[in-house]
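Undergrad: Structure file structure.cif (mmCIF, C-alpha atoms and all ligand atoms) is given on the next line.
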```cif
data_protein
loop_
_atom_site.group_PDB
_atom_site.id
_atom_site.type_symbol
_atom_site.label_atom_id
_atom_site.label_comp_id
_atom_site.auth_asym_id
_atom_site.auth_seq_id
_atom_site.Cartn_x
_atom_site.Cartn_y
_atom_site.Cartn_z
ATOM 1 C CA MET O 154 4.396 21.249 -0.477
ATOM 2 C CA GLU O 155 1.429 23.190 0.863
ATOM 3 C CA ILE O 156 -1.424 20.978 -0.316
ATOM 4 C CA LYS O 157 -1.816 17.437 -1.588
ATOM 5 C CA ALA O 158 -5.180 16.535 -3.099
ATOM 6 C CA THR O 159 -6.032 12.932 -4.011
ATOM 7 C CA ILE O 160 -9.192 12.160 -5.956
ATOM 8 C CA LEU O 161 -11.028 9.379 -4.121
ATOM 9 C CA CYS O 162 -14.374 9.312 -5.968
ATOM 10 C CA GLU O 163 -14.972 10.185 -9.600
ATOM 11 C CA ASN O 164 -16.722 8.870 -12.669
ATOM 12 C CA TYR O 165 -13.639 7.335 -14.298
ATOM 13 C CA ILE O 166 -10.617 5.288 -13.389
ATOM 14 C CA PHE O 167 -7.517 4.216 -15.269
ATOM 15 C CA ALA O 168 -4.863 1.666 -14.351
ATOM 16 C CA TYR O 169 -5.800 1.087 -10.715
ATOM 17 C CA SER O 170 -7.262 -2.400 -10.767
ATOM 18 C CA ASN O 171 -8.681 -2.519 -7.235
ATOM 19 C CA ALA O 172 -10.001 0.999 -6.935
ATOM 20 C CA ILE O 173 -13.469 1.734 -8.341
ATOM 21 C CA ALA O 174 -15.341 4.531 -10.102
ATOM 22 C CA GLU O 175 -18.882 5.851 -9.716
ATOM 23 C CA HIS O 176 -20.869 8.934 -10.713
ATOM 24 C CA GLY O 177 -19.647 11.017 -7.788
ATOM 25 C CA TRP O 178 -16.927 13.272 -6.453
ATOM 26 C CA SER O 179 -14.643 13.281 -3.432
ATOM 27 C CA VAL O 180 -11.178 14.670 -2.761
ATOM 28 C CA TYR O 181 -8.869 13.830 0.148
ATOM 29 C CA LEU O 182 -6.938 16.911 1.103
ATOM 30 C CA GLU O 183 -3.687 16.932 3.067
ATOM 31 C CA THR O 184 -2.645 20.354 4.335
ATOM 32 C CA LYS O 185 -0.383 21.803 7.024
ATOM 33 C CA HIS O 186 -3.560 22.565 8.982
ATOM 34 C CA GLY O 187 -4.740 18.948 8.927
ATOM 35 C CA ASN O 188 -6.490 16.602 6.523
ATOM 36 C CA PHE O 189 -9.945 17.260 5.102
ATOM 37 C CA LEU O 190 -12.396 15.456 2.886
ATOM 38 C CA PHE O 191 -14.180 17.519 0.238
ATOM 39 C CA ASP O 192 -17.408 15.674 -0.674
ATOM 40 C CA THR O 193 -17.984 11.980 -0.103
ATOM 41 C CA GLY O 194 -19.073 10.530 -3.452
ATOM 42 C CA GLU O 195 -22.261 8.553 -3.969
ATOM 43 C CA GLY O 196 -21.403 5.990 -1.271
ATOM 44 C CA GLY O 197 -20.303 3.018 -3.375
ATOM 45 C CA THR O 198 -16.581 3.760 -3.613
ATOM 46 C CA ILE O 199 -15.312 6.037 -0.847
ATOM 47 C CA ILE O 200 -14.338 3.401 1.721
ATOM 48 C CA ASN O 201 -12.792 1.035 -0.800
ATOM 49 C CA ASN O 202 -10.818 3.813 -2.487
ATOM 50 C CA ALA O 203 -9.668 5.469 0.739
ATOM 51 C CA GLN O 204 -8.237 2.106 1.788
ATOM 52 C CA PHE O 205 -6.739 1.477 -1.651
ATOM 53 C CA PHE O 206 -4.975 4.847 -1.738
ATOM 54 C CA LYS O 207 -4.046 4.579 1.966
ATOM 55 C CA LYS O 208 -5.945 7.680 3.026
ATOM 56 C CA ASP O 209 -6.971 7.357 6.642
ATOM 57 C CA LEU O 210 -10.553 8.561 7.092
ATOM 58 C CA SER O 211 -10.191 8.380 10.873
ATOM 59 C CA LYS O 212 -7.584 11.136 10.702
ATOM 60 C CA ILE O 213 -9.606 13.887 9.085
ATOM 61 C CA LYS O 214 -10.139 17.206 10.770
ATOM 62 C CA GLY O 215 -13.306 18.031 8.862
ATOM 63 C CA ILE O 216 -15.624 17.078 6.037
ATOM 64 C CA ILE O 217 -16.621 19.788 3.595
ATOM 65 C CA LEU O 218 -19.688 19.332 1.392
ATOM 66 C CA SER O 219 -20.046 21.240 -1.884
ATOM 67 C CA HIS O 220 -23.858 20.901 -2.052
ATOM 68 C CA HIS O 221 -26.739 18.620 -1.146
ATOM 69 C CA HIS O 222 -26.789 16.268 -4.174
ATOM 70 C CA HIS O 223 -26.417 12.562 -3.408
ATOM 71 C CA ASP O 224 -23.401 12.055 -5.674
ATOM 72 C CA HIS O 225 -21.475 14.353 -3.301
ATOM 73 C CA THR O 226 -23.103 13.493 0.031
ATOM 74 C CA GLY O 227 -24.104 9.816 -0.300
ATOM 75 C CA GLY O 228 -20.916 8.511 1.337
ATOM 76 C CA LEU O 229 -21.111 10.771 4.403
ATOM 77 C CA LEU O 230 -22.587 8.163 6.747
ATOM 78 C CA GLN O 231 -19.910 5.627 5.831
ATOM 79 C CA VAL O 232 -17.140 8.173 6.279
ATOM 80 C CA LEU O 233 -18.494 9.025 9.746
ATOM 81 C CA ASN O 234 -18.244 5.342 10.664
ATOM 82 C CA TYR O 235 -14.472 5.806 10.404
ATOM 83 C CA ALA O 236 -14.100 9.470 11.291
ATOM 84 C CA GLY O 237 -16.397 9.544 14.350
ATOM 85 C CA LYS O 238 -16.965 12.967 15.852
ATOM 86 C CA THR O 239 -16.154 15.330 12.976
ATOM 87 C CA LYS O 240 -17.020 18.839 11.865
ATOM 88 C CA VAL O 241 -19.102 18.842 8.678
ATOM 89 C CA TYR O 242 -19.054 22.163 6.809
ATOM 90 C CA SER O 243 -21.968 22.825 4.501
ATOM 91 C CA HIS O 244 -24.722 25.180 3.421
ATOM 92 C CA PRO O 245 -27.858 25.111 5.650
ATOM 93 C CA GLU O 246 -29.918 23.810 2.707
ATOM 94 C CA LEU O 247 -28.061 20.494 2.938
ATOM 95 C CA PHE O 248 -31.190 18.567 3.898
ATOM 96 C CA LYS O 249 -33.635 20.040 1.381
ATOM 97 C CA LYS O 250 -35.583 17.535 -0.664
ATOM 98 C CA SER O 251 -34.908 18.028 -4.347
ATOM 99 C CA TYR O 252 -35.793 16.015 -7.439
ATOM 100 C CA SER O 253 -35.141 15.628 -11.118
ATOM 101 C CA VAL O 254 -37.829 14.598 -13.556
ATOM 102 C CA ARG O 255 -36.768 12.880 -16.752
ATOM 103 C CA ASN O 256 -39.102 11.093 -19.142
ATOM 104 C CA GLY O 257 -41.865 11.490 -16.575
ATOM 105 C CA ILE O 258 -39.847 9.687 -13.897
ATOM 106 C CA GLU O 259 -39.137 11.583 -10.683
ATOM 107 C CA ARG O 260 -35.883 10.882 -8.884
ATOM 108 C CA TYR O 261 -34.790 12.074 -5.446
ATOM 109 C CA LEU O 262 -31.509 13.987 -5.683
ATOM 110 C CA GLY O 263 -30.813 14.956 -2.093
ATOM 111 C CA ILE O 264 -28.640 13.619 0.688
ATOM 112 C CA PRO O 265 -29.819 10.065 1.417
ATOM 113 C CA HIS O 266 -29.503 10.182 5.229
ATOM 114 C CA CYS O 267 -31.346 12.331 7.747
ATOM 115 C CA ARG O 268 -29.638 14.804 10.042
ATOM 116 C CA GLU O 269 -30.350 12.818 13.250
ATOM 117 C CA ILE O 270 -28.669 9.653 11.976
ATOM 118 C CA LEU O 271 -25.628 11.599 10.813
ATOM 119 C CA GLU O 272 -25.370 13.478 14.114
ATOM 120 C CA ASN O 273 -25.664 10.215 16.030
ATOM 121 C CA LYS O 274 -22.686 8.984 14.025
ATOM 122 C CA GLY O 275 -20.653 12.039 15.048
ATOM 123 C CA ALA O 276 -21.420 14.759 12.500
ATOM 124 C CA GLU O 277 -21.137 18.269 13.933
ATOM 125 C CA PHE O 278 -22.708 20.466 11.295
ATOM 126 C CA ILE O 279 -21.328 23.927 10.749
ATOM 127 C CA PHE O 280 -23.456 25.835 8.273
ATOM 128 C CA ASN O 281 -22.429 28.832 6.202
ATOM 129 C CA THR O 282 -24.016 30.863 3.420
ATOM 130 C CA THR O 283 -21.208 33.369 2.917
ATOM 131 C CA PHE O 284 -17.471 33.189 2.184
ATOM 132 C CA THR O 285 -15.893 31.415 5.168
ATOM 133 C CA GLU O 286 -12.321 30.598 6.110
ATOM 134 C CA ILE O 287 -12.164 27.068 7.560
ATOM 135 C CA VAL O 288 -8.466 27.161 8.480
ATOM 136 C CA PRO O 289 -5.922 29.773 7.365
ATOM 137 C CA GLY O 290 -5.816 29.855 3.565
ATOM 138 C CA ILE O 291 -8.633 27.363 2.998
ATOM 139 C CA MET O 292 -11.982 28.975 2.254
ATOM 140 C CA LEU O 293 -15.467 27.803 1.429
ATOM 141 C CA SER O 294 -17.102 30.133 -1.086
ATOM 142 C CA GLY O 295 -20.593 30.388 0.378
ATOM 143 C CA GLU O 296 -23.305 31.267 -2.145
ATOM 144 C CA VAL O 297 -21.693 32.435 -5.362
ATOM 145 C CA PRO O 298 -23.187 35.555 -6.987
ATOM 146 C CA ARG O 299 -24.527 34.647 -10.415
ATOM 147 C CA LYS O 300 -23.573 37.494 -12.662
ATOM 148 C CA THR O 301 -22.652 36.209 -16.116
ATOM 149 C CA SER O 302 -25.350 36.375 -18.774
ATOM 150 C CA PHE O 303 -24.553 32.978 -20.300
ATOM 151 C CA GLU O 304 -24.429 30.749 -17.201
ATOM 152 C CA ARG O 305 -27.954 29.672 -16.373
ATOM 153 C CA SER O 306 -29.199 27.682 -13.385
ATOM 154 C CA ASP O 307 -30.136 24.039 -14.016
ATOM 155 C CA THR O 308 -33.649 23.830 -15.420
ATOM 156 C CA ASN O 309 -34.382 20.216 -14.489
ATOM 157 C CA LYS O 310 -33.867 20.331 -10.727
ATOM 158 C CA TRP O 311 -36.936 20.788 -8.562
ATOM 159 C CA LEU O 312 -38.178 21.398 -5.049
ATOM 160 C CA LYS O 313 -41.799 20.812 -4.079
ATOM 161 C CA ASP O 314 -44.343 23.004 -2.314
ATOM 162 C CA GLU O 315 -48.171 22.984 -2.065
ATOM 163 C CA SER O 316 -48.442 24.319 -5.616
ATOM 164 C CA GLY O 317 -46.241 21.594 -7.098
ATOM 165 C CA TYR O 318 -42.704 21.776 -8.474
ATOM 166 C CA ILE O 319 -40.616 24.920 -8.090
ATOM 167 C CA GLN O 320 -37.163 25.302 -9.576
ATOM 168 C CA ASP O 321 -34.204 24.518 -7.344
ATOM 169 C CA LEU O 322 -31.573 27.148 -8.072
ATOM 170 C CA ILE O 323 -29.062 25.121 -6.019
ATOM 171 C CA MET O 324 -27.878 28.231 -4.201
ATOM 172 C CA ASP O 325 -26.193 25.829 -1.756
ATOM 173 C CA ASP O 326 -23.495 25.128 -4.380
ATOM 174 C CA GLN O 327 -20.098 25.931 -2.836
ATOM 175 C CA THR O 328 -16.498 25.738 -3.980
ATOM 176 C CA LEU O 329 -13.298 25.187 -2.014
ATOM 177 C CA ILE O 330 -10.829 28.004 -2.564
ATOM 178 C CA MET O 331 -7.256 27.788 -1.348
ATOM 179 C CA SER O 332 -4.846 30.632 -1.333
ATOM 180 C CA THR O 333 -1.270 29.372 -1.797
ATOM 181 C CA LYS O 334 2.106 30.931 -2.581
ATOM 182 C CA LYS O 335 1.784 29.545 -6.108
ATOM 183 C CA GLY O 336 -1.677 31.022 -6.649
ATOM 184 C CA LEU O 337 -5.261 29.973 -6.138
ATOM 185 C CA VAL O 338 -6.226 26.323 -5.949
ATOM 186 C CA ILE O 339 -9.917 25.984 -6.739
ATOM 187 C CA ILE O 340 -11.710 22.669 -6.133
ATOM 188 C CA LEU O 341 -15.107 22.639 -7.775
ATOM 189 C CA GLY O 342 -18.021 20.510 -6.604
ATOM 190 C CA CYS O 343 -20.506 20.492 -9.469
ATOM 191 C CA SER O 344 -20.266 24.198 -10.480
ATOM 192 C CA HIS O 345 -24.032 24.685 -10.420
ATOM 193 C CA SER O 346 -23.278 28.411 -9.931
ATOM 194 C CA GLY O 347 -21.344 28.525 -13.211
ATOM 195 C CA ILE O 348 -17.583 28.013 -13.453
ATOM 196 C CA ILE O 349 -16.965 31.606 -14.589
ATOM 197 C CA ASN O 350 -19.069 33.049 -11.759
ATOM 198 C CA ILE O 351 -17.066 30.856 -9.371
ATOM 199 C CA ILE O 352 -13.668 31.955 -10.702
ATOM 200 C CA ASN O 353 -14.688 35.627 -10.657
ATOM 201 C CA TYR O 354 -15.872 35.325 -7.080
ATOM 202 C CA ALA O 355 -12.715 33.479 -5.948
ATOM 203 C CA ILE O 356 -10.559 36.242 -7.479
ATOM 204 C CA GLU O 357 -12.753 38.977 -5.992
ATOM 205 C CA ARG O 358 -12.691 37.523 -2.479
ATOM 206 C CA THR O 359 -9.003 36.615 -2.316
ATOM 207 C CA GLY O 360 -7.486 39.387 -4.430
ATOM 208 C CA GLN O 361 -5.366 36.729 -6.158
ATOM 209 C CA SER O 362 -5.814 36.376 -9.914
ATOM 210 C CA HIS O 363 -3.237 33.716 -10.761
ATOM 211 C CA ILE O 364 -4.882 30.296 -10.673
ATOM 212 C CA HIS O 365 -2.379 27.562 -9.958
ATOM 213 C CA SER O 366 -5.005 24.872 -10.459
ATOM 214 C CA ILE O 367 -8.714 24.455 -10.896
ATOM 215 C CA PHE O 368 -10.294 21.009 -10.976
ATOM 216 C CA GLY O 369 -13.500 19.117 -10.269
ATOM 217 C CA GLY O 370 -16.989 19.086 -11.737
ATOM 218 C CA THR O 371 -17.168 21.939 -14.240
ATOM 219 C CA HIS O 372 -20.804 21.307 -15.238
ATOM 220 C CA LEU O 373 -19.744 22.094 -18.815
ATOM 221 C CA GLY O 374 -20.836 18.674 -20.059
ATOM 222 C CA VAL O 375 -24.463 19.005 -19.025
ATOM 223 C CA ILE O 376 -25.391 22.455 -20.335
ATOM 224 C CA SER O 377 -26.338 23.689 -23.808
ATOM 225 C CA LYS O 378 -23.641 23.781 -26.463
ATOM 226 C CA GLU O 379 -23.989 27.540 -26.744
ATOM 227 C CA ALA O 380 -23.574 28.093 -22.989
ATOM 228 C CA LYS O 381 -20.650 25.673 -22.927
ATOM 229 C CA ASN O 382 -18.821 27.399 -25.765
ATOM 230 C CA ARG O 383 -19.286 30.808 -24.194
ATOM 231 C CA SER O 384 -17.949 29.502 -20.864
ATOM 232 C CA ILE O 385 -14.934 27.925 -22.570
ATOM 233 C CA GLU O 386 -14.226 31.172 -24.456
ATOM 234 C CA ALA O 387 -14.352 33.012 -21.118
ATOM 235 C CA LEU O 388 -12.074 30.425 -19.463
ATOM 236 C CA LYS O 389 -9.286 31.204 -21.959
ATOM 237 C CA ARG O 390 -9.000 34.734 -20.603
ATOM 238 C CA TYR O 391 -7.886 33.697 -17.114
ATOM 239 C CA ASN O 392 -4.371 33.045 -15.951
ATOM 240 C CA ILE O 393 -4.817 29.296 -15.372
ATOM 241 C CA GLU O 394 -1.729 27.110 -14.934
ATOM 242 C CA ASN O 395 -3.495 23.738 -14.587
ATOM 243 C CA ILE O 396 -7.067 22.735 -15.359
ATOM 244 C CA GLY O 397 -8.452 19.312 -14.459
ATOM 245 C CA ALA O 398 -11.682 17.962 -15.896
ATOM 246 C CA SER O 399 -13.859 15.721 -13.756
ATOM 247 C CA HIS O 400 -17.340 14.441 -13.053
ATOM 248 C CA CYS O 401 -20.019 16.572 -14.807
ATOM 249 C CA THR O 402 -17.483 17.668 -17.442
ATOM 250 C CA GLY O 403 -17.877 14.475 -19.478
ATOM 251 C CA LEU O 404 -15.459 13.026 -22.024
ATOM 252 C CA GLU O 405 -16.492 15.127 -25.029
ATOM 253 C CA THR O 406 -16.016 18.412 -23.177
ATOM 254 C CA ALA O 407 -12.800 17.142 -21.575
ATOM 255 C CA MET O 408 -11.449 16.566 -25.108
ATOM 256 C CA GLN O 409 -12.465 20.096 -26.063
ATOM 257 C CA LEU O 410 -10.597 21.486 -23.030
ATOM 258 C CA LEU O 411 -7.563 19.337 -23.839
ATOM 259 C CA GLU O 412 -7.438 20.822 -27.366
ATOM 260 C CA ILE O 413 -7.452 24.350 -25.956
ATOM 261 C CA PHE O 414 -5.337 24.082 -22.810
ATOM 262 C CA ARG O 415 -2.948 21.324 -24.056
ATOM 263 C CA GLU O 416 -0.141 20.801 -21.464
ATOM 264 C CA ARG O 417 -2.090 22.847 -18.889
ATOM 265 C CA PHE O 418 -4.967 20.332 -19.054
ATOM 266 C CA PHE O 419 -5.172 17.100 -17.051
ATOM 267 C CA PHE O 420 -7.748 14.364 -16.682
ATOM 268 C CA CYS O 421 -8.813 14.418 -13.040
ATOM 269 C CA ASN O 422 -10.143 10.989 -12.137
ATOM 270 C CA VAL O 423 -9.958 8.417 -9.323
ATOM 271 C CA GLY O 424 -6.356 8.340 -8.091
ATOM 272 C CA THR O 425 -5.195 11.628 -9.639
ATOM 273 C CA VAL O 426 -2.923 13.530 -7.244
ATOM 274 C CA ILE O 427 -2.449 17.298 -7.323
ATOM 275 C CA GLU O 428 0.439 18.667 -5.250
ATOM 276 C CA VAL O 429 0.915 22.367 -4.733
HETATM 277 FE FE FE O 501 -24.999 18.529 -8.243
HETATM 278 FE FE FE O 502 -22.384 16.154 -9.125
#
```
Could you show the structure in this file as structure tokens?
TA:
Amino acid sequence: MEIKATILCENYIFAYSNAIAEHGWSVYLETKHGNFLFDTGEGGTIINNAQFFKKDLSKIKGIILSHHHHDHTGGLLQVLNYAGKTKVYSHPELFKKSYSVRNGIERYLGIPHCREILENKGAEFIFNTTFTEIVPGIMLSGEVPRKTSFERSDTNKWLKDESGYIQDLIMDDQTLIMSTKKGLVIILGCSHSGIINIINYAIERTGQSHIHSIFGGTHLGVISKEAKNRSIEALKRYNIENIGASHCTGLETAMQLLEIFRERFFFCNVGTVIEV
């Protein structure tokens, strides 16, 4: 076994009575180069679930953050309480203040804790904007080139300047890409860059086109039906052995993917384990 990934935070849970779900995402990763945590959930489940699934947060070599949104970064402070001095890999826009506005109500979407507090708790931030190898075979995508015509940036995410709201293109969105003997293992955060753009970039940067597994937030559940269908059509053309639907995929889209990918599809929720 090269990699063991255990989903610690996700929107759904089944048959684990003392673990809990939340709108968030976090994966505990065991590798021959040490253990890592990819994202930290919203903050309401990570500690409970790490204890439930017996994943020791004090034994992690690094924390990797997919992007600045609170449902991926909200648990960071609590994780640091256990992990202590730890490298935290992320895009330099981690601390930007971003918002959504729905029905006239503005909501803060960013990381809920300031840099000083996190550093006092032991965070050692390592920022990257380009494709970066963290340990041999485990790469963080950096900013993903947005090339497809049908994958559009979120239209309801905002930054503020003197003139008012400006669109947040969420260029800080990063994906974890692992190169294994069985093929690529791609762990998505929220796929704000577009799942097809992400796959294309992973293939381009690694030179590997067989995808052993791809799982995480696909973003397919929160975009227009037309964009979703075009992305799903495009997905069929890749050599994907296992595809796991999580987080911003939603149940309806997960069912659509199940219909298409059948035995290659899996629900990827709290407690799901992927071994490669
Ligand atoms: Fe997000
Ligand atoms: Fe998310």
Undergrad: Convert the output of the PyMOL selection byres (((chain O and resi 427) around 7) and not hetatm) on the shown file into explicit residues, formatted as a PyMOL selection string.
TA: chain O and resi 157-159+425-426+428-429
Undergrad: Please extract the residues at most 9 Å from ligand FE 502 (chain O), counting all atoms listed in the file, and provide them as a PDB file with C-alpha atoms, in the frame of the given file, using the chain letters and residue numbers of this document.
TA:
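Wrote it out as pocket-v3.pdb, contents follow:
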```pdb
ATOM      1  CA  HIS O 176     -20.869   8.934 -10.713  1.00  0.00           C
ATOM      2  CA  GLY O 177     -19.647  11.017  -7.788  1.00  0.00           C
ATOM      3  CA  TRP O 178     -16.927  13.272  -6.453  1.00  0.00           C
ATOM      4  CA  GLY O 194     -19.073  10.530  -3.452  1.00  0.00           C
ATOM      5  CA  HIS O 220     -23.858  20.901  -2.052  1.00  0.00           C
ATOM      6  CA  HIS O 222     -26.789  16.268  -4.174  1.00  0.00           C
ATOM      7  CA  HIS O 223     -26.417  12.562  -3.408  1.00  0.00           C
ATOM      8  CA  ASP O 224     -23.401  12.055  -5.674  1.00  0.00           C
ATOM      9  CA  HIS O 225     -21.475  14.353  -3.301  1.00  0.00           C
ATOM     10  CA  GLY O 342     -18.021  20.510  -6.604  1.00  0.00           C
ATOM     11  CA  CYS O 343     -20.506  20.492  -9.469  1.00  0.00           C
ATOM     12  CA  SER O 344     -20.266  24.198 -10.480  1.00  0.00           C
ATOM     13  CA  HIS O 345     -24.032  24.685 -10.420  1.00  0.00           C
ATOM     14  CA  GLY O 370     -16.989  19.086 -11.737  1.00  0.00           C
ATOM     15  CA  HIS O 372     -20.804  21.307 -15.238  1.00  0.00           C
ATOM     16  CA  HIS O 400     -17.340  14.441 -13.053  1.00  0.00           C
ATOM     17  CA  CYS O 401     -20.019  16.572 -14.807  1.00  0.00           C
TER      18      CYS O 401
END
```
Undergrad: Which residue, O:Arg390, O:Lys378, O:Asp325, O:Ile367, has the smallest gap to Phe419 in chain O when you use all atoms listed in the file?
TA: O:Ile367
Undergrad: If I take CA of Phe167 in chain O and CA of Gly228 in chain O, how far is one from the other in Å, to one decimal?
TA: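 Rounded to one decimal, the two atoms are 21.8 Å apart.
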Undergrad: Since I can't run it myself right now, could you work out what the PyMOL selection byres (((chain O and resi 354) around 12) and not hetatm) selects here and report it as a count of residues only?
TA: 34
Undergrad: Using all atoms listed in the file, what residues lie at most 9 Å away from (-18.0, 17.7, 7.1) (file coordinates), given as a list of chain:residue names?
TA: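 It turns out the residues near that spot are O:Phe189, O:Leu190, O:Phe191, O:Asp192, O:Lys214, O:Gly215, O:Ile216, O:Ile217, O:Leu218, O:Leu229, O:Thr239, O:Lys240, O:Val241, O:Tyr242, O:Ser243, O:Ala276, O:Glu277, O:Phe278, O:Ile279.
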Undergrad: Please provide as a VMD selection string all residues within 8 Å of His266 in chain O, with the sequence filter that same-chain residues fewer than 4 positions apart are discarded (counting all atoms listed in the file).
TA: chain O and resid 227 230 270 to 271
Undergrad: I need the chosen residues saved as a PDB file, in the coordinates of the input, with C-alpha atoms.
TA:
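The new file part24.pdb reads:
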```
ATOM      1  CA  GLY O 227     -24.104   9.816  -0.300  1.00  0.00           C
ATOM      2  CA  LEU O 230     -22.587   8.163   6.747  1.00  0.00           C
ATOM      3  CA  ILE O 270     -28.669   9.653  11.976  1.00  0.00           C
ATOM      4  CA  LEU O 271     -25.628  11.599  10.813  1.00  0.00           C
TER       5      LEU O 271
END
```
Undergrad: Hey, which of O:Phe280, O:Phe303, O:Tyr391, O:Tyr252 ends up closest to ligand FE 501 (chain O)? Count all atoms listed in the file.
TA: O:Tyr252
Undergrad: Report as a VMD selection string the residues that result from applying the PyMOL selection byres (((chain O and resi 162) around 9) and not hetatm) to the structure here.
TA: chain O and resid 160 to 161 163 to 165 173 to 180 192 to 195 198 to 199 202 422 to 424
Undergrad: What does the distance between CA of Glu269 in chain O and CA of Lys238 in chain O come to in Å, to one decimal place?
TA: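 Spanning CA of Glu269 in chain O to CA of Lys238 in chain O is a straight-line distance of 13.6 Å.
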Undergrad: Report, in Å to a single decimal, how far apart CA of Ala172 in chain O and CA of Lys212 in chain O are.
TA: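 Between CA of Lys212 in chain O and CA of Ala172 in chain O the gap is 20.5 Å.
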Undergrad: Output, as AutoDock Vina command-line options, the centre and edge lengths in Å (one decimal) of the axis-aligned box that contains all listed atoms of range 288-292 of chain O with 6 Å of margin on each side.
TA:
```
--center_x -8.9 --center_y 28.5 --center_z 5.4 --size_x 18.2 --size_y 14.7 --size_z 18.2
```
Undergrad: Smallest atom-to-atom distance to ligand FE 501 (chain O): which of O:Ser211, O:Ser332, O:Ser219, O:Asn188, using only C-alpha atoms and all ligand atoms?
TA: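 That would be O:Ser219, the residue with the smallest distance to ligand FE 501 (chain O).
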Undergrad: If we count only C-alpha atoms, what is near Asp314 in chain O at a cut-off of 12 Å, once residues fewer than 3 positions away on the same chain are taken out, given as a list in words?
TA: Lys249, Lys250, Ser251, Trp311, Gly317, Tyr318, Ile319, Gln320 and Asp321 of chain O
Undergrad: Reconstruct N, CA and C atoms of range 401-416 of chain O from the incomplete input and present them as a short mmCIF file (atom, residue, chain, number, x, y, z; two decimals), in the frame of the given file.
TA:
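Writing done, so here's out_38.cif:
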```cif
data_model
loop_
_atom_site.label_atom_id
_atom_site.label_comp_id
_atom_site.auth_asym_id
_atom_site.auth_seq_id
_atom_site.Cartn_x
_atom_site.Cartn_y
_atom_site.Cartn_z
N CYS O 401 -19.01 16.07 -13.86
CA CYS O 401 -20.02 16.57 -14.81
C CYS O 401 -19.40 17.33 -15.99
N THR O 402 -18.11 17.10 -16.24
CA THR O 402 -17.48 17.67 -17.44
C THR O 402 -17.76 16.74 -18.62
N GLY O 403 -17.63 15.45 -18.40
CA GLY O 403 -17.88 14.48 -19.48
C GLY O 403 -16.70 14.40 -20.44
N LEU O 404 -16.62 13.29 -21.17
CA LEU O 404 -15.46 13.03 -22.02
C LEU O 404 -15.37 13.99 -23.21
N GLU O 405 -16.52 14.27 -23.84
CA GLU O 405 -16.49 15.13 -25.03
C GLU O 405 -15.96 16.53 -24.69
N THR O 406 -16.46 17.08 -23.59
CA THR O 406 -16.02 18.41 -23.18
C THR O 406 -14.57 18.37 -22.68
N ALA O 407 -14.20 17.29 -22.02
CA ALA O 407 -12.80 17.14 -21.58
C ALA O 407 -11.88 17.19 -22.79
N MET O 408 -12.27 16.55 -23.89
CA MET O 408 -11.45 16.57 -25.11
C MET O 408 -11.35 17.99 -25.68
N GLN O 409 -12.46 18.70 -25.60
CA GLN O 409 -12.46 20.10 -26.06
C GLN O 409 -11.47 20.94 -25.24
N LEU O 410 -11.50 20.73 -23.91
CA LEU O 410 -10.60 21.49 -23.03
C LEU O 410 -9.14 21.10 -23.28
N LEU O 411 -8.92 19.82 -23.54
CA LEU O 411 -7.56 19.34 -23.84
C LEU O 411 -7.02 20.04 -25.08
N GLU O 412 -7.83 20.15 -26.12
CA GLU O 412 -7.44 20.82 -27.37
C GLU O 412 -7.01 22.26 -27.11
N ILE O 413 -7.71 22.93 -26.21
CA ILE O 413 -7.45 24.35 -25.96
C ILE O 413 -6.29 24.55 -24.98
N PHE O 414 -6.31 23.82 -23.88
CA PHE O 414 -5.34 24.08 -22.81
C PHE O 414 -4.07 23.22 -22.92
N ARG O 415 -4.11 22.20 -23.80
CA ARG O 415 -2.95 21.32 -24.06
C ARG O 415 -2.21 20.90 -22.78
N GLU O 416 -0.92 21.31 -22.61
CA GLU O 416 -0.14 20.80 -21.46
C GLU O 416 -0.64 21.35 -20.12
#
```
